[in-house]
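Let me begin by presenting the structure, written as structure tokens, before commenting on it.
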Amino acid sequence: MPPFKDEHILIIAPGSQVTLAQLGLPESFTPARFRFPTRMFPAEKKGEYEPYKIRERRHEVPVSNGTEAPKEDVEMKDADSTTQQDTVKTEATTEQPEASANTEQKNEEAQPTDGQPTDPAAEKPTTTEIYYEEDVTSDEGAIYPIENGRIVDWSCFFALLTHVHNTLSPPFHTPIMLIAEPAWSARDRETITQFVFEKFKTPAFCMMDSALAVCYGYGTSTATVVDVGKDKVDVTAVTDFIVSEHGRGLALEGCGGDYMTDRLVELLGSKGFSREMCEQLKRSNITELLPPGTPLPGTAATARQGVNPAASASTGAQNGSANETVPRGPGDGTQTGAEGNGDEEDEGVLDVAAIVSGNTSEFLANREKEKAEKASTKKGSTDQNAKPVRLPNSKKEKATFQFEEYVRIESEKEATNGPGRYIRQTREIEVGVERFLAATPKQNSGERLTSGLLEDIATQIHHTILAVPDATKRSELWDSLIVVGNGSKIKGFTASLLGAITQKYILSPSATMFTSEIPSNFSTPLPTGGTNTPAPSGQPGPMNHPAGHGVNPLLVAATHSNNPASSSMPPGTPLMDPTSMSHHHRSTGHSQTPTSVKTLRPPEYFSEWKEQANTNAPGAAGPGGPGVASGGHGMEEAVFLGAQVASKVVFVLDQGLSKGFMTRVEYNENGPSAIHDYVM
């Protein structure tokens with residue numbers, strides 16, 4: 001087989017909302033050039049689909065020249081009748097003035113006089129013309145073939161693949177790389193393989209798992225991939241480029257971006273916020289997830305964060321005084337005041353030497369008097385050089401965002417004669433601390449009870465890593481966490497997820513000081529009645545737990561504090577039932593409870609994939625369907641970067657030596673079921 005060229009490789013990555021596609025590999029890998037909405041519309045013929053909404057328009061058109069009867073065919077006559085024709089023409093010419101006079105008289109009668117209505121019979125006749133147009137901005141009646149990562153409408157999904165293939169129009173000798181969702185079954189992969197070979201006549205086809213593609217994009221062989229989508233989350237452990245199917249979190253429903261939108265609707269619905277407002281609020285830069293334990297702006301803990309206890313003690317401020325409730329500044333309305341030039345730079349600094357050498361109370365009184373005089377001077381004149389204080393978003397109690405909406409500028413009656421016209425309007429909307437609560441547990445009793453979005457994802461990550469058979473790889477999986485997906489683009493998502501994992505599962509370093517990887521017959525010395533002799537651990541006892549591996553049983557109890565069996569015991573009490581730990585994985589080291597969790601840094605040599613500004617529409621294609629990918633799509637779409645890297649390796653460098661793709665000849669010989677031998 002001749003080698004494939006970079007410009008001929010076709011990559012398709014279907015998603016629940018957006019399908020990424022690109023024809024050809026650039027010299028420096030870039031985000032996807034085309035972004036197709038993962039939806040189709042039913043066509044007029046049953047079983048067929050259109051990429052856009054087709055609307056039928058009716059337009060009244062006046063009929064030109066009245067309603068004339070069609071002209072009859074002209075008959076050829078003999079030359080002898082020429083004289084007779086001339087006679088008829090002469091008679092018609094003679095009668096023409098009289099006919100013209102009658103016509104003028106009729107026109108004068110038809111003209112309406114002032115104040116008289118026009119005769120409806122005299123109006124020009126019209127006819128109705130029907131034409132069809134594509135409404136590229138409408139989502140009415142759309143069919144989404146993929147829901148929660150699973151294909152629910154096969155005919156619509158195949159129509160989508162056909163639309164993508166026809167739009168990019170690849171040449172005949174084009175290999176295809178398709179990114180597979182983790183929720184696709186073996187039968188689904190076979191069905192897709194059969195369709196691609198039979199419909200597109202491709203010479204080579206490769207189907208790659210999305211989690212493995214992310215590892216290719218990050219350049220790592222072992223990682224825990226957390227893919228946050230629209231309404232689901234996939235958690236996958238990859239060890240040495242092999243996907244661990246056991247314990248894999250497949251399409252966890254209710255853990256995606258829609259969870260945060262629903263939570264905002266629940267919090268702000270009573271204030272007049274629609275779902276579209278909450279969706280744009282979630283995508284804005286003022287919505288942020290704060291790490292666990294961070295106080296919200298406006299609370300008592302946040303108001304007291306700016307108070308310096310040492311300065312309060314030196315100035316003699318008491319609890320509940322006026323100076324304690326006012327922020328130290330700088331800025332208007334603070335203790336320090338607005339920033340200025342000259343002698344105002346050291347206004348909030350106390351001269352310690354003057355306090356020690358002289359009378360402290362007199363010095364402080366003079367200090368307060370000078371500050372009062374300066375404040376009165378500032379009130380009378382405005383300082384043009386003063387700079388306003390800009391607090392970070394996490395410190396602001398209220399913030400505003402730009403809400404965009406399309407407003408119809410003509411009535412429905414006018415729109416029936418043509419396409420409706422819309423105008424985009426932008427207005428600012430103010431939001432309080434609700435913007436920090438998008439991932440908190442829902443309060444609606446009618447839905448599934450959860451402990452919060454981040455807590456549910458952390459629980460699945462813990463379960464997936466513990467299910468990896470190779471226990472020596474688990475610590476590496478904890479330190480190689482990758483969070484991708486457009487649902488994770490919200491500010492602070494990754495940091496808050498790490499905080500939830502740390503708070504729930506990470507073992508404190510202080511509890512591991514006396515542990516040992518080598519089993520010992522003697523435990524850590526315990527406080528005994530006047531002796532330092534270590535207690536032997538050969539026989540079981542209340543202070544010698546079998547799961548302790550010869551370490552302090554109090555430390556064992558701390559490392560297994562998440563065990564439900566120990567929830568009813570007082571903190572620090574070791575378990576008494578040796579069989580209660582039988583459901584845990586038995587291995588050396590800290591394979592059950594991690595000591596650290598880290599995220600992998602993305603590669604720095606792909607400049608187009610560096611983290612950019614947050615766009616207003618993550619995970620959704622703009623009006624008009626597919627278009628060139630704009631800035632703002634960073635490493636949350638690393639699956640497409642990995643698809644480009646894998647395509648370069650599989651189709652160009654390897655050329656099938658490692659059976660990375662399935663050829664047309666192999667498909668004809670073995671059928672679609674052989675794709676499992678080539679799937680990556």
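Going through the structure tokens in order, the chains are called A, B, and so on, while each chain numbers its residues from 1 and the ligands are numbered from 1 in the order shown.
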- Message: Give me the residues near region 15-28 of chain A as a list in words, where near means some atom within 6 Å (using only C-alpha atoms) and where sequence neighbours in that chain fewer than 4 positions away do not count.
- Response: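 Near neighbours after the sequence-gap exclusion: Asp6, Glu7, His8, Ile9, Leu10, Ile11, Ala32, Arg33, Phe34, Arg35, Phe36, Pro37, Thr38, Ile146, Glu147 and Ala620 of chain A.
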Resulting file, chosen residues, N, CA and C atoms, as a PDB file, in the first residue's frame:
ATOM      1  N   ASP A   6      -0.082  13.615   4.622  1.00  0.00           N
ATOM      2  CA  ASP A   6      -0.662  14.380   5.727  1.00  0.00           C
ATOM      3  C   ASP A   6      -1.923  15.116   5.311  1.00  0.00           C
ATOM      4  N   GLU A   7      -1.940  15.656   4.111  1.00  0.00           N
ATOM      5  CA  GLU A   7      -3.080  16.473   3.690  1.00  0.00           C
ATOM      6  C   GLU A   7      -4.297  15.643   3.316  1.00  0.00           C
ATOM      7  N   HIS A   8      -4.204  14.316   3.338  1.00  0.00           N
ATOM      8  CA  HIS A   8      -5.328  13.456   2.960  1.00  0.00           C
ATOM      9  C   HIS A   8      -6.028  12.816   4.157  1.00  0.00           C
ATOM     10  N   ILE A   9      -5.496  12.967   5.354  1.00  0.00           N
ATOM     11  CA  ILE A   9      -6.049  12.290   6.527  1.00  0.00           C
ATOM     12  C   ILE A   9      -7.285  13.050   7.009  1.00  0.00           C
ATOM     13  N   LEU A  10      -8.373  12.318   7.231  1.00  0.00           N
ATOM     14  CA  LEU A  10      -9.631  12.892   7.707  1.00  0.00           C
ATOM     15  C   LEU A  10      -9.859  12.445   9.152  1.00  0.00           C
ATOM     16  N   ILE A  11     -10.077  13.417  10.050  1.00  0.00           N
ATOM     17  CA  ILE A  11     -10.297  13.157  11.471  1.00  0.00           C
ATOM     18  C   ILE A  11     -11.701  13.631  11.842  1.00  0.00           C
ATOM     19  N   ALA A  32      -9.501  22.083  16.006  1.00  0.00           N
ATOM     20  CA  ALA A  32     -10.286  21.623  14.859  1.00  0.00           C
ATOM     21  C   ALA A  32     -10.714  22.799  13.992  1.00  0.00           C
ATOM     22  N   ARG A  33     -10.612  22.644  12.697  1.00  0.00           N
ATOM     23  CA  ARG A  33     -10.990  23.711  11.777  1.00  0.00           C
ATOM     24  C   ARG A  33     -12.495  23.804  11.609  1.00  0.00           C
ATOM     25  N   PHE A  34     -13.187  22.694  11.724  1.00  0.00           N
ATOM     26  CA  PHE A  34     -14.632  22.680  11.531  1.00  0.00           C
ATOM     27  C   PHE A  34     -15.299  22.147  12.795  1.00  0.00           C
ATOM     28  N   ARG A  35     -16.410  22.788  13.135  1.00  0.00           N
ATOM     29  CA  ARG A  35     -17.204  22.404  14.300  1.00  0.00           C
ATOM     30  C   ARG A  35     -18.654  22.281  13.844  1.00  0.00           C
ATOM     31  N   PHE A  36     -19.116  21.053  13.717  1.00  0.00           N
ATOM     32  CA  PHE A  36     -20.465  20.778  13.239  1.00  0.00           C
ATOM     33  C   PHE A  36     -21.386  20.528  14.437  1.00  0.00           C
ATOM     34  N   PRO A  37     -22.550  21.155  14.473  1.00  0.00           N
ATOM     35  CA  PRO A  37     -23.521  20.782  15.514  1.00  0.00           C
ATOM     36  C   PRO A  37     -23.956  19.328  15.336  1.00  0.00           C
ATOM     37  N   THR A  38     -23.925  18.565  16.401  1.00  0.00           N
ATOM     38  CA  THR A  38     -24.294  17.142  16.335  1.00  0.00           C
ATOM     39  C   THR A  38     -25.815  17.030  16.340  1.00  0.00           C
ATOM     40  N   ILE A 146     -26.751  11.552  19.487  1.00  0.00           N
ATOM     41  CA  ILE A 146     -25.914  11.093  20.601  1.00  0.00           C
ATOM     42  C   ILE A 146     -26.423  11.745  21.880  1.00  0.00           C
ATOM     43  N   GLU A 147     -26.749  10.925  22.863  1.00  0.00           N
ATOM     44  CA  GLU A 147     -27.187  11.391  24.165  1.00  0.00           C
ATOM     45  C   GLU A 147     -26.384  10.669  25.243  1.00  0.00           C
ATOM     46  N   ALA A 620     -20.303  24.563  21.971  1.00  0.00           N
ATOM     47  CA  ALA A 620     -21.440  24.740  21.083  1.00  0.00           C
ATOM     48  C   ALA A 620     -20.989  25.485  19.855  1.00  0.00           C
TER      49      ALA A 620
END
- Using only C-alpha atoms: which of A:Thr236, A:Thr127, A:Thr224, A:Asn166 has the shortest distance to Glu181 (chain A): A:Thr236
- Which is closest to Ala211 (chain A) among A:Val649, A:Ala439, A:Ala643, A:Leu264, if we use only C-alpha atoms? A:Ala643
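Using only C-alpha atoms, the protein and nucleic acid residues lying no more than 8 Å from Met207 (chain A), apart from those fewer than 4 places from it along its own chain, are Met177, Leu178, Ile179, Ala180, Phe661, Tyr678, Val679 and Met680 of chain A.
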Keeping only N, CA, C and O atoms, take the residues you just selected and write them out as a PDB file, in the first residue's frame.
ATOM      1  N   MET A 177      -9.786   8.679  10.576  1.00  0.00           N
ATOM      2  CA  MET A 177      -9.594   8.460  12.006  1.00  0.00           C
ATOM      3  C   MET A 177     -10.864   8.916  12.720  1.00  0.00           C
ATOM      4  O   MET A 177     -11.253  10.076  12.627  1.00  0.00           O
ATOM      5  N   LEU A 178     -11.520   8.012  13.445  1.00  0.00           N
ATOM      6  CA  LEU A 178     -12.750   8.311  14.169  1.00  0.00           C
ATOM      7  C   LEU A 178     -12.511   8.111  15.664  1.00  0.00           C
ATOM      8  O   LEU A 178     -12.032   7.056  16.080  1.00  0.00           O
ATOM      9  N   ILE A 179     -12.857   9.129  16.452  1.00  0.00           N
ATOM     10  CA  ILE A 179     -12.716   9.059  17.905  1.00  0.00           C
ATOM     11  C   ILE A 179     -13.980   8.431  18.479  1.00  0.00           C
ATOM     12  O   ILE A 179     -15.091   8.918  18.239  1.00  0.00           O
ATOM     13  N   ALA A 180     -13.812   7.351  19.237  1.00  0.00           N
ATOM     14  CA  ALA A 180     -14.947   6.605  19.782  1.00  0.00           C
ATOM     15  C   ALA A 180     -15.225   7.048  21.207  1.00  0.00           C
ATOM     16  O   ALA A 180     -14.308   7.283  22.005  1.00  0.00           O
ATOM     17  N   PHE A 661      -4.351   0.436  12.045  1.00  0.00           N
ATOM     18  CA  PHE A 661      -5.577   0.719  11.305  1.00  0.00           C
ATOM     19  C   PHE A 661      -5.965  -0.498  10.481  1.00  0.00           C
ATOM     20  O   PHE A 661      -5.150  -1.395  10.231  1.00  0.00           O
ATOM     21  N   TYR A 678      -7.874  -4.009  15.767  1.00  0.00           N
ATOM     22  CA  TYR A 678      -7.147  -2.800  15.380  1.00  0.00           C
ATOM     23  C   TYR A 678      -7.544  -1.588  16.212  1.00  0.00           C
ATOM     24  O   TYR A 678      -6.939  -0.536  16.084  1.00  0.00           O
ATOM     25  N   VAL A 679      -8.568  -1.709  17.021  1.00  0.00           N
ATOM     26  CA  VAL A 679      -9.045  -0.567  17.778  1.00  0.00           C
ATOM     27  C   VAL A 679      -7.984  -0.129  18.776  1.00  0.00           C
ATOM     28  O   VAL A 679      -7.275  -0.946  19.363  1.00  0.00           O
ATOM     29  N   MET A 680      -7.854   1.179  18.963  1.00  0.00           N
ATOM     30  CA  MET A 680      -6.828   1.724  19.859  1.00  0.00           C
ATOM     31  C   MET A 680      -7.493   2.307  21.100  1.00  0.00           C
ATOM     32  O   MET A 680      -8.624   2.757  21.053  1.00  0.00           O
TER      33      MET A 680
END
- Would you please work out which residue, of A:Ile429, A:Val226, A:Ile675, A:Leu454, is nearest to Ser284 (chain A) when using only C-alpha atoms?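 So, comparing all the options, the nearest one is A:Ile429.
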- re CA of Val238 (chain A) and CA of Gly254 (chain A): distance 23.8 Å
- Tell me, as a PyMOL selection string, which residues lie within 12 Å of Ile151 (chain A), counting only C-alpha atoms; anything in the same chain fewer than 3 positions away does not count. chain A and resi 14-16+38-39+143-148+154-158+160+180-185+187-189+191-192
- Query: Residues at most 9 Å from Tyr218 (chain A), counting only C-alpha atoms, excluding those fewer than 3 positions away in the same chain, as a count of residues only?
  - Reply: 12
- Query: Hey, which of A:Tyr132, A:Tyr406, A:Tyr605, A:Phe41 ends up closest to Ile423 (chain A)? Count only C-alpha atoms.
  - Reply: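 Nearest candidate to Ile423 (chain A) out of A:Tyr132, A:Tyr406, A:Tyr605, A:Phe41: A:Tyr406.
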- Message: Under the rule that only C-alpha atoms are counted, which of A:Arg367, A:Glu434, A:Asp654, A:Asn486 is the nearest residue to Gly269 (chain A)?
- Response: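 Selected residue with least distance to Gly269 (chain A): A:Glu434.
Between CA of Thr440 (chain A) and CA of Val235 (chain A) the interatomic distance comes to 20.4 Å.
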- A:Gln402, A:Thr494, A:Thr299, A:Thr464: which is nearest Gly249 (chain A), counting only C-alpha atoms?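 Ranked by minimum distance to Gly249 (chain A), first place goes to A:Thr464.
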- Straight-line distance linking CA of Pro203 (chain A) with CA of Ile12 (chain A), stated in Å to one decimal: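 Between CA of Pro203 (chain A) and CA of Ile12 (chain A) the gap is 16.0 Å.
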